[in-house]
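query-v3.cif follows; it contains mmCIF, C-alpha atoms.
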```cif
data_my_file
loop_
_atom_site.label_atom_id
_atom_site.label_comp_id
_atom_site.auth_asym_id
_atom_site.auth_seq_id
_atom_site.Cartn_x
_atom_site.Cartn_y
_atom_site.Cartn_z
CA GLY A 1 -15.05 11.75 24.84
CA GLU A 2 -11.67 10.50 23.68
CA LEU A 3 -9.14 11.98 21.26
CA ASN A 4 -5.88 10.44 20.05
CA ALA A 5 -3.70 9.73 17.02
CA PHE A 6 -1.26 7.20 15.61
CA THR A 7 1.23 6.92 12.76
CA SER A 8 1.90 3.76 10.76
CA TYR A 9 4.49 3.11 8.04
CA ASP A 10 2.03 4.46 5.45
CA PHE A 11 -0.25 7.06 7.03
CA THR A 12 -1.16 9.12 10.10
CA ALA A 13 -4.65 8.95 11.64
CA TYR A 14 -6.37 11.27 14.10
CA HIS A 15 -9.54 10.01 15.78
CA GLU A 16 -12.25 11.00 18.21
CA THR A 17 -14.90 8.94 19.96
CA MET A 18 -17.73 10.90 21.56
CA PRO A 19 -21.52 10.89 22.06
CA ALA A 20 -23.48 10.94 18.79
CA ASP A 21 -24.95 14.37 19.54
CA ARG A 22 -21.41 15.81 19.70
CA ILE A 23 -20.14 14.43 16.41
CA VAL A 24 -20.10 17.88 14.79
CA MET A 25 -17.51 18.88 17.40
CA ALA A 26 -15.19 16.13 16.14
CA ILE A 27 -15.56 17.41 12.57
CA ALA A 28 -14.75 20.94 13.74
CA ILE A 29 -11.67 19.71 15.63
CA GLU A 30 -10.28 17.97 12.54
CA ALA A 31 -11.02 20.89 10.20
CA ASP A 32 -9.25 23.22 12.64
CA ARG A 33 -6.30 20.81 12.88
CA MET A 34 -5.94 21.00 9.10
CA THR A 35 -5.54 24.79 9.05
CA GLY A 36 -4.99 26.21 12.53
CA LEU A 37 -1.82 24.57 13.84
CA LEU A 38 0.40 27.14 15.58
CA MET A 39 3.50 24.97 16.17
CA ASP A 40 5.49 27.53 18.14
CA ARG A 41 9.20 26.92 18.64
CA GLU A 42 9.01 26.32 22.39
CA GLN A 43 6.35 23.64 21.92
CA THR A 44 8.41 22.03 19.14
CA GLU A 45 11.42 21.68 21.45
CA SER A 46 9.26 20.30 24.25
CA GLU A 47 7.76 17.67 21.93
CA ARG A 48 11.21 16.81 20.53
CA THR A 49 12.30 15.87 24.06
CA VAL A 50 9.24 13.66 24.50
CA ILE A 51 9.79 11.78 21.21
CA LEU A 52 13.52 11.31 21.80
CA SER A 53 12.77 9.94 25.25
CA GLU A 54 10.17 7.58 23.77
CA ARG A 55 12.64 6.26 21.19
CA GLN A 56 15.48 5.88 23.67
CA GLY A 57 13.20 4.11 26.12
CA ALA A 58 11.99 1.73 23.43
CA LEU A 59 15.54 0.87 22.42
CA ASN A 60 16.12 -0.44 25.93
CA ASN A 61 13.65 -3.19 25.01
CA PRO A 62 15.64 -5.94 23.24
CA SER A 63 12.59 -7.04 21.21
CA TYR A 64 12.14 -3.50 19.84
CA LEU A 65 15.84 -3.26 19.09
CA LEU A 66 15.80 -6.59 17.24
CA TRP A 67 12.74 -5.47 15.23
CA ASP A 68 14.49 -2.22 14.28
CA GLU A 69 17.61 -4.08 13.15
CA THR A 70 15.68 -6.72 11.21
CA ILE A 71 13.42 -4.36 9.26
CA GLY A 72 16.38 -2.10 8.56
CA LEU A 73 18.30 -5.09 7.23
CA ALA A 74 15.43 -6.12 4.93
CA PHE A 75 15.25 -2.78 3.07
CA ARG A 76 18.14 -0.92 1.48
CA GLU A 77 16.19 1.66 -0.56
CA HIS A 78 12.57 1.78 0.60
CA SER A 79 11.49 3.94 3.55
CA TYR A 80 10.04 0.84 5.24
CA GLY A 81 13.60 0.24 6.41
CA HIS A 82 13.26 3.22 8.78
CA PHE A 83 11.29 2.71 11.97
CA VAL A 84 8.14 4.86 12.17
CA ILE A 85 9.37 7.03 15.03
CA GLY A 86 12.46 7.99 13.01
CA THR A 87 16.16 8.02 13.74
CA GLU A 88 17.69 9.88 16.65
CA HIS A 89 19.81 11.89 14.19
CA ASP A 90 16.75 13.14 12.26
CA LEU A 91 14.74 13.81 15.40
CA LYS A 92 17.52 16.01 16.73
CA ARG A 93 18.23 17.96 13.54
CA MET A 94 14.76 18.70 12.10
CA SER A 95 13.67 22.28 12.70
CA ARG A 96 10.33 23.85 13.45
CA ASP A 97 10.30 25.18 9.87
CA ASP A 98 10.90 21.65 8.50
CA LEU A 99 7.89 20.42 10.45
CA PHE A 100 5.66 23.32 9.47
CA GLY A 101 6.56 22.92 5.80
CA HIS A 102 5.58 19.25 6.01
CA TYR A 103 2.30 20.24 7.67
CA GLN A 104 1.47 22.80 4.99
CA MET A 105 2.18 20.35 2.18
CA TYR A 106 0.34 17.26 3.41
CA TYR A 107 -2.44 18.41 5.75
CA ALA A 108 -5.12 19.30 3.20
CA PRO A 109 -8.51 17.85 2.17
CA ASN A 110 -7.14 16.47 -1.11
CA ASN A 111 -4.67 14.32 0.84
CA ALA A 112 -7.06 13.08 3.54
CA VAL A 113 -9.82 10.54 4.12
CA VAL A 114 -12.68 11.29 6.52
CA VAL A 115 -14.43 8.32 8.15
CA VAL A 116 -17.51 8.54 10.37
CA ALA A 117 -19.13 5.57 12.12
CA GLY A 118 -22.01 5.50 14.59
CA ALA A 119 -25.53 6.82 15.07
CA PHE A 120 -26.04 9.72 12.64
CA ASP A 121 -27.97 10.84 9.60
CA ALA A 122 -25.68 10.42 6.57
CA ASP A 123 -27.01 13.42 4.62
CA SER A 124 -26.69 15.76 7.60
CA ILE A 125 -23.17 14.58 8.34
CA MET A 126 -22.11 15.03 4.72
CA THR A 127 -23.42 18.60 4.87
CA GLU A 128 -21.36 19.25 8.03
CA ILE A 129 -18.23 17.68 6.50
CA GLU A 130 -18.57 19.72 3.31
CA ARG A 131 -19.13 22.89 5.35
CA ALA A 132 -16.08 22.28 7.58
CA PHE A 133 -13.58 21.06 4.98
CA GLY A 134 -14.91 22.54 1.74
CA ALA A 135 -13.45 25.99 2.36
CA ILE A 136 -9.95 24.69 3.12
CA PRO A 137 -7.74 25.14 0.05
CA ALA A 138 -6.18 22.11 -1.58
CA THR A 139 -2.43 21.73 -1.78
CA PRO A 140 -0.64 21.05 -5.08
CA VAL A 141 -1.23 17.49 -6.25
CA ILE A 142 1.01 15.23 -4.22
CA GLY A 143 2.51 12.33 -6.11
CA ARG A 144 3.31 9.46 -3.76
CA THR A 145 6.94 8.52 -4.18
CA THR A 146 7.35 4.83 -4.88
CA VAL A 147 10.67 3.08 -4.52
CA ASP A 148 11.31 -0.30 -6.07
CA GLU A 149 13.30 -2.19 -3.48
CA PRO A 150 16.06 -4.08 -5.34
CA ARG A 151 15.59 -7.82 -5.41
CA GLN A 152 17.48 -9.42 -2.55
CA ALA A 153 20.26 -11.63 -3.90
CA ALA A 154 21.36 -13.43 -0.74
CA GLU A 155 20.46 -14.02 2.87
CA ARG A 156 21.07 -11.09 5.21
CA ARG A 157 21.73 -11.81 8.86
CA THR A 158 22.54 -9.80 11.94
CA ILE A 159 23.53 -11.00 15.40
CA LEU A 160 22.50 -8.59 18.12
CA ARG A 161 24.18 -8.97 21.51
CA HIS A 162 22.24 -7.06 24.14
CA PRO A 163 21.16 -7.68 27.76
CA ALA A 164 17.93 -9.69 27.59
CA PRO A 165 16.06 -12.17 29.79
CA ALA A 166 15.97 -14.80 27.02
CA PRO A 167 17.19 -15.36 23.45
CA GLU A 168 15.01 -14.12 20.63
CA VAL A 169 14.91 -14.83 16.90
CA LEU A 170 13.18 -12.73 14.24
CA LEU A 171 12.89 -13.72 10.57
CA ALA A 172 11.56 -11.61 7.69
CA TRP A 173 10.58 -12.55 4.14
CA HIS A 174 9.72 -10.08 1.38
CA VAL A 175 6.04 -10.37 0.40
CA PRO A 176 3.52 -8.50 -1.83
CA GLY A 177 1.69 -5.47 -0.49
CA ALA A 178 -1.98 -4.65 0.07
CA GLY A 179 -4.32 -5.53 -2.77
CA SER A 180 -2.18 -8.36 -4.11
CA ASP A 181 -3.73 -11.72 -5.02
CA ASP A 182 -1.86 -13.29 -2.09
CA GLU A 183 -2.91 -10.83 0.62
CA MET A 184 -5.63 -12.98 2.17
CA ALA A 185 -3.51 -16.14 1.93
CA PHE A 186 -0.89 -14.39 4.07
CA GLU A 187 -3.59 -13.32 6.54
CA LEU A 188 -4.74 -16.92 6.81
CA LEU A 189 -1.17 -18.17 7.16
CA SER A 190 -0.70 -15.77 10.10
CA GLY A 191 -3.76 -17.27 11.76
CA ILE A 192 -2.69 -20.87 11.12
CA LEU A 193 0.71 -20.15 12.66
CA THR A 194 -0.30 -17.97 15.59
CA GLY A 195 -4.03 -17.73 16.26
CA ALA A 196 -6.65 -15.03 15.84
CA GLY A 197 -7.51 -11.59 17.12
CA GLY A 198 -4.02 -10.85 18.41
CA ARG A 199 -4.17 -13.76 20.86
CA MET A 200 -1.99 -16.85 20.64
CA GLY A 201 -4.30 -19.83 20.07
CA ARG A 202 -3.27 -23.15 21.55
CA SER A 203 -4.46 -24.98 18.43
CA ALA A 204 -2.26 -22.86 16.13
CA ARG A 205 0.94 -24.40 14.80
CA LEU A 206 3.59 -22.32 16.58
CA PRO A 207 2.03 -22.52 20.07
CA ARG A 208 1.33 -26.23 19.59
CA ASN A 209 4.67 -27.24 18.13
CA LEU A 210 7.08 -24.81 19.79
CA VAL A 211 5.56 -23.47 23.03
CA ALA A 212 3.71 -26.55 24.24
CA THR A 213 6.78 -28.71 23.55
CA GLY A 214 9.06 -26.44 25.58
CA LYS A 215 11.15 -25.27 22.63
CA ALA A 216 10.04 -21.63 22.99
CA ARG A 217 8.34 -19.36 25.47
CA GLY A 218 6.41 -17.59 22.73
CA ALA A 219 6.21 -17.59 18.93
CA TYR A 220 4.24 -15.83 16.19
CA GLY A 221 3.87 -15.25 12.45
CA SER A 222 2.62 -11.90 11.17
CA TYR A 223 1.82 -10.46 7.72
CA MET A 224 2.95 -6.83 7.47
CA ARG A 225 0.69 -5.14 4.94
CA GLY A 226 1.84 -1.98 3.19
CA PHE A 227 1.19 0.27 0.20
CA ASP A 228 4.25 -1.37 -1.32
CA PRO A 229 5.65 -4.89 -0.83
CA PHE A 230 6.57 -5.36 2.82
CA VAL A 231 7.54 -8.40 4.90
CA PHE A 232 6.10 -11.48 6.58
CA LEU A 233 7.62 -11.81 10.05
CA ALA A 234 8.14 -14.87 12.21
CA GLY A 235 9.50 -14.51 15.72
CA ALA A 236 10.19 -16.72 18.71
CA THR A 237 11.40 -16.10 22.25
CA GLY A 238 13.33 -18.95 23.84
CA LEU A 239 13.69 -20.14 27.39
CA PRO A 240 16.17 -18.16 29.55
CA ASP A 241 18.98 -20.67 28.98
CA GLY A 242 17.92 -21.52 25.41
CA ASP A 243 20.08 -21.66 22.30
CA PRO A 244 19.06 -19.12 19.61
CA VAL A 245 20.49 -21.35 16.86
CA GLU A 246 18.21 -24.21 17.89
CA LEU A 247 15.31 -21.76 18.24
CA GLU A 248 15.80 -20.50 14.69
CA ALA A 249 15.98 -24.07 13.35
CA ALA A 250 12.74 -25.00 15.14
CA LEU A 251 11.00 -21.91 13.72
CA LEU A 252 12.19 -22.56 10.16
CA GLU A 253 11.10 -26.19 10.43
CA GLN A 254 7.49 -25.06 10.77
CA PHE A 255 7.67 -23.11 7.51
CA GLU A 256 9.43 -25.93 5.68
CA ASP A 257 6.65 -28.29 6.76
CA ILE A 258 3.98 -26.01 5.28
CA LYS A 259 5.99 -25.53 2.08
CA ASN A 260 6.56 -29.28 1.65
CA ASN A 261 3.36 -30.77 3.07
CA GLY A 262 0.83 -27.95 2.95
CA VAL A 263 -1.90 -27.28 5.51
CA THR A 264 -4.94 -29.42 6.19
CA ALA A 265 -8.48 -28.54 5.16
CA ASP A 266 -9.54 -28.86 8.82
CA GLU A 267 -7.05 -26.33 10.15
CA VAL A 268 -7.90 -23.93 7.30
CA ALA A 269 -11.61 -24.20 8.14
CA ARG A 270 -10.98 -23.80 11.87
CA THR A 271 -8.69 -20.79 11.38
CA LYS A 272 -11.19 -19.13 9.04
CA LYS A 273 -13.86 -19.44 11.74
CA LEU A 274 -11.52 -18.00 14.38
CA LEU A 275 -10.39 -15.09 12.19
CA THR A 276 -13.95 -14.31 11.08
CA ALA A 277 -15.17 -14.33 14.68
CA ALA A 278 -12.27 -12.08 15.69
CA PHE A 279 -13.13 -9.72 12.82
CA HIS A 280 -16.76 -9.36 13.93
CA LEU A 281 -15.91 -9.12 17.65
CA GLY A 282 -13.25 -6.55 16.83
CA THR A 283 -15.70 -4.32 14.98
CA GLU A 284 -18.40 -4.18 17.65
CA SER A 285 -17.26 -0.69 18.68
CA VAL A 286 -17.76 2.28 16.40
CA SER A 287 -14.10 3.24 16.92
CA ALA A 288 -12.83 -0.10 15.63
CA MET A 289 -15.24 -0.01 12.69
CA ALA A 290 -14.13 3.49 11.68
CA ASN A 291 -10.49 2.45 11.98
CA GLY A 292 -11.08 -0.62 9.78
CA ILE A 293 -12.92 1.35 7.10
CA GLY A 294 -10.25 4.05 7.16
CA GLU A 295 -7.42 1.55 6.79
CA ALA A 296 -9.20 -0.12 3.87
CA ALA A 297 -9.67 3.31 2.27
CA MET A 298 -5.99 4.13 2.66
CA TYR A 299 -5.08 0.88 0.93
CA GLY A 300 -7.39 1.56 -1.99
CA ASP A 301 -11.06 0.69 -1.36
CA PRO A 302 -13.14 1.24 1.81
CA ALA A 303 -15.65 -1.40 0.63
CA ARG A 304 -12.99 -4.09 1.12
CA PHE A 305 -13.47 -3.72 4.87
CA PHE A 306 -16.96 -5.18 4.58
CA ALA A 307 -15.83 -7.86 2.11
CA TRP A 308 -13.00 -9.12 4.34
CA PRO A 309 -14.82 -12.26 5.62
CA GLU A 310 -15.86 -13.25 2.08
CA GLU A 311 -12.33 -12.74 0.74
CA LEU A 312 -10.94 -14.85 3.57
CA ALA A 313 -13.50 -17.59 2.91
CA ALA A 314 -12.27 -17.93 -0.68
CA VAL A 315 -8.68 -18.84 0.33
CA THR A 316 -7.78 -22.50 -0.23
CA PRO A 317 -5.16 -24.72 1.45
CA GLU A 318 -3.22 -24.62 -1.82
CA ASP A 319 -3.17 -20.82 -1.69
CA VAL A 320 -1.60 -20.94 1.79
CA GLN A 321 1.02 -23.48 0.72
#
```

Go ahead and render the structure in this file as structure tokens.
Amino acid sequence: GELNAFTSYDFTAYHETMPADRIVMAIAIEADRMTGLLMDREQTESERTVILSERQGALNNPSYLLWDETIGLAFREHSYGHFVIGTEHDLKRMSRDDLFGHYQMYYAPNNAVVVVAGAFDADSIMTEIERAFGAIPATPVIGRTTVDEPRQAAERRTILRHPAPAPEVLLAWHVPGAGSDDEMAFELLSGILTGAGGRMGRSARLPRNLVATGKARGAYGSYMRGFDPFVFLAGATGLPDGDPVELEAALLEQFEDIKNNGVTADEVARTKKLLTAAFHLGTESVSAMANGIGEAAMYGDPARFFAWPEELAAVTPEDVQ
């Protein structure tokens, strides 16, 4: 089997993939994780070294560094302005007791979502889940802290000078969060600009108008979904001897064209087909399906995972513009 975890801006997920006849073992592992963590001091210091090394290594990547600076510039109050892995200062100063207190407060059944996908009998699995988690005491009701990011009054800009093989530009616009009326329009805009399924499509606007014409080595647009309003990102990497000012102008020109002239019905239809195909191909594995359902549940409604293609189909060219 396989066991791993990840943390996003909004939640942490632990996941197992194993043969269907061993699924009860995965439930036992997660129930034990919720109550049985030892977190001794020696292990805490060992893990601190690993995480600090990971952050320091990432900051040697100019693209990561630019991302960190840009997101931090976009938010003055909200925690989205802090990169997920945290700051070096916090990573060095937090104690074992700080960590264990966090664990005791948040790792409880009333603050968790359990997702199971695969070949199983639903009633039997529910019995096993209730048996494993039902005896674990709930924590006091946790109210999620929401911060209203102040409205941005003027453009914010940073110039980062750092050894890099080529110039890079990253732009961020404030946009509504998950569940907003515009969510699927932003998803479709990402596809129209970049492609589908995490791959850059040659028919998409940025590859066609910037990469194929030699203005950039790579370019993308990406909707960052969050519990709260987050950002829409657009990035481009230039040629080794390229001018970042010209690169920024070329990137902005693509957005101005959509704002002023809209998108065509043909490219909307084509992108919907590509995104829908990528959705279905991406959920062929039980792991991907569980992840998709879990993410939808975290953002409010697990049923939205299954409705994603229909919601995308309802987006019009006018919505994208």

Legend entry - Nearest-residue call for A:Pro317, choices A:Met25, A:Leu275, A:Leu189, A:Ala204, using only C-alpha atoms: A:Leu189

Legend entry - Non-local contacts of A:Glu248 (9 Å; only C-alpha atoms; under 4 positions in same chain excluded) as a ChimeraX atom specification: /A:168-171,235-236,243-244,252-253

Legend entry - Resolved residues for the PyMOL selection byres ((chain A and resi 152) around 12) as a PyMOL selection string: chain A and resi 73-77+148-151+153-156+173-175

Inset, instruction - For each of A:Ala212, A:Ser287, A:Ala219, A:Leu281, take the minimum atom-to-atom distance to A:Met18, counting all atoms listed in the file, then give the residue where this is smallest. - result: A:Ser287

Legend entry - Long-range neighbours of A:Gly86 as a PyMOL selection string, 12 Å cut-off, only C-alpha atoms, 3 positions minimum in chain: chain A and resi 7-9+48+51-52+54-56+68+72+79-83+89-94

Legend entry - Minimum-distance residue to A:His162, chosen among A:Ala135, A:Asp181, A:Leu65, A:Tyr220 (using all atoms listed in the file): A:Leu65

Inset, instruction - Run the PyMOL selection byres ((chain A and resi 254) around 12) on the file and write out the hits as a count of residues only. - result: 33

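Nearest residue to A:Ser53 among A:Ile85, A:Val245, A:Gly282, A:Ile142 is A:Ile85, counting all atoms listed in the file.
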
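The closest residue to A:Phe6, picked from A:Thr44, A:His78, A:Ala277, A:Val84 and counting all atoms listed in the file, is A:Val84.
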
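Shortest separation to A:Phe11 among A:Ser203, A:Lys273, A:Ala122, A:Val113 occurs at residue A:Val113, atoms counted being only C-alpha atoms.
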
Inset, instruction - Could you list the residues chosen by the PyMOL selection byres ((chain A and resi 114) around 12) in this structure as a ChimeraX atom specification? - result: /A:13-16,26-27,30-31,108-113,115-117,125-126,128-130,132-133,290-291,293-295,297-298,302

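When atom CA of A:Asp182 is paired with atom CA of A:Thr276, their separation reads 17.9 Å.
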
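The interatomic distance for the pair atom CA of A:Ala269 and atom CA of A:Ala313 works out to 8.6 Å.
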
Legend entry - Å distance separating atom CA of A:Asp98 from atom CA of A:Val141, one decimal place: 19.5 Å

Take every atom of stretch 172-175 of chain A listed in the file, fit an axis-aligned box around them, add 5 Å per side, and give the centre and edge lengths in Å to one decimal as JSON.
```
{"center_x": 8.8, "center_y": -11.3, "center_z": 4.0, "size_x": 15.5, "size_y": 12.5, "size_z": 17.3}
```

Inset, instruction - In the coordinates of the file, take the point (23.8, -7.5, 22.9) and a cut-off of 12 Å; then, counting only C-alpha atoms, name each qualifying protein, DNA or RNA residue as a ChimeraX atom specification. - result: /A:59-63,65-66,158-168

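Near A:Gly292, within 8 Å and counting all atoms listed in the file, sit Thr283, Ala288, Met289, Glu295, Ala296 and Phe305 of chain A, not including residues fewer than 3 positions from it in the same chain.
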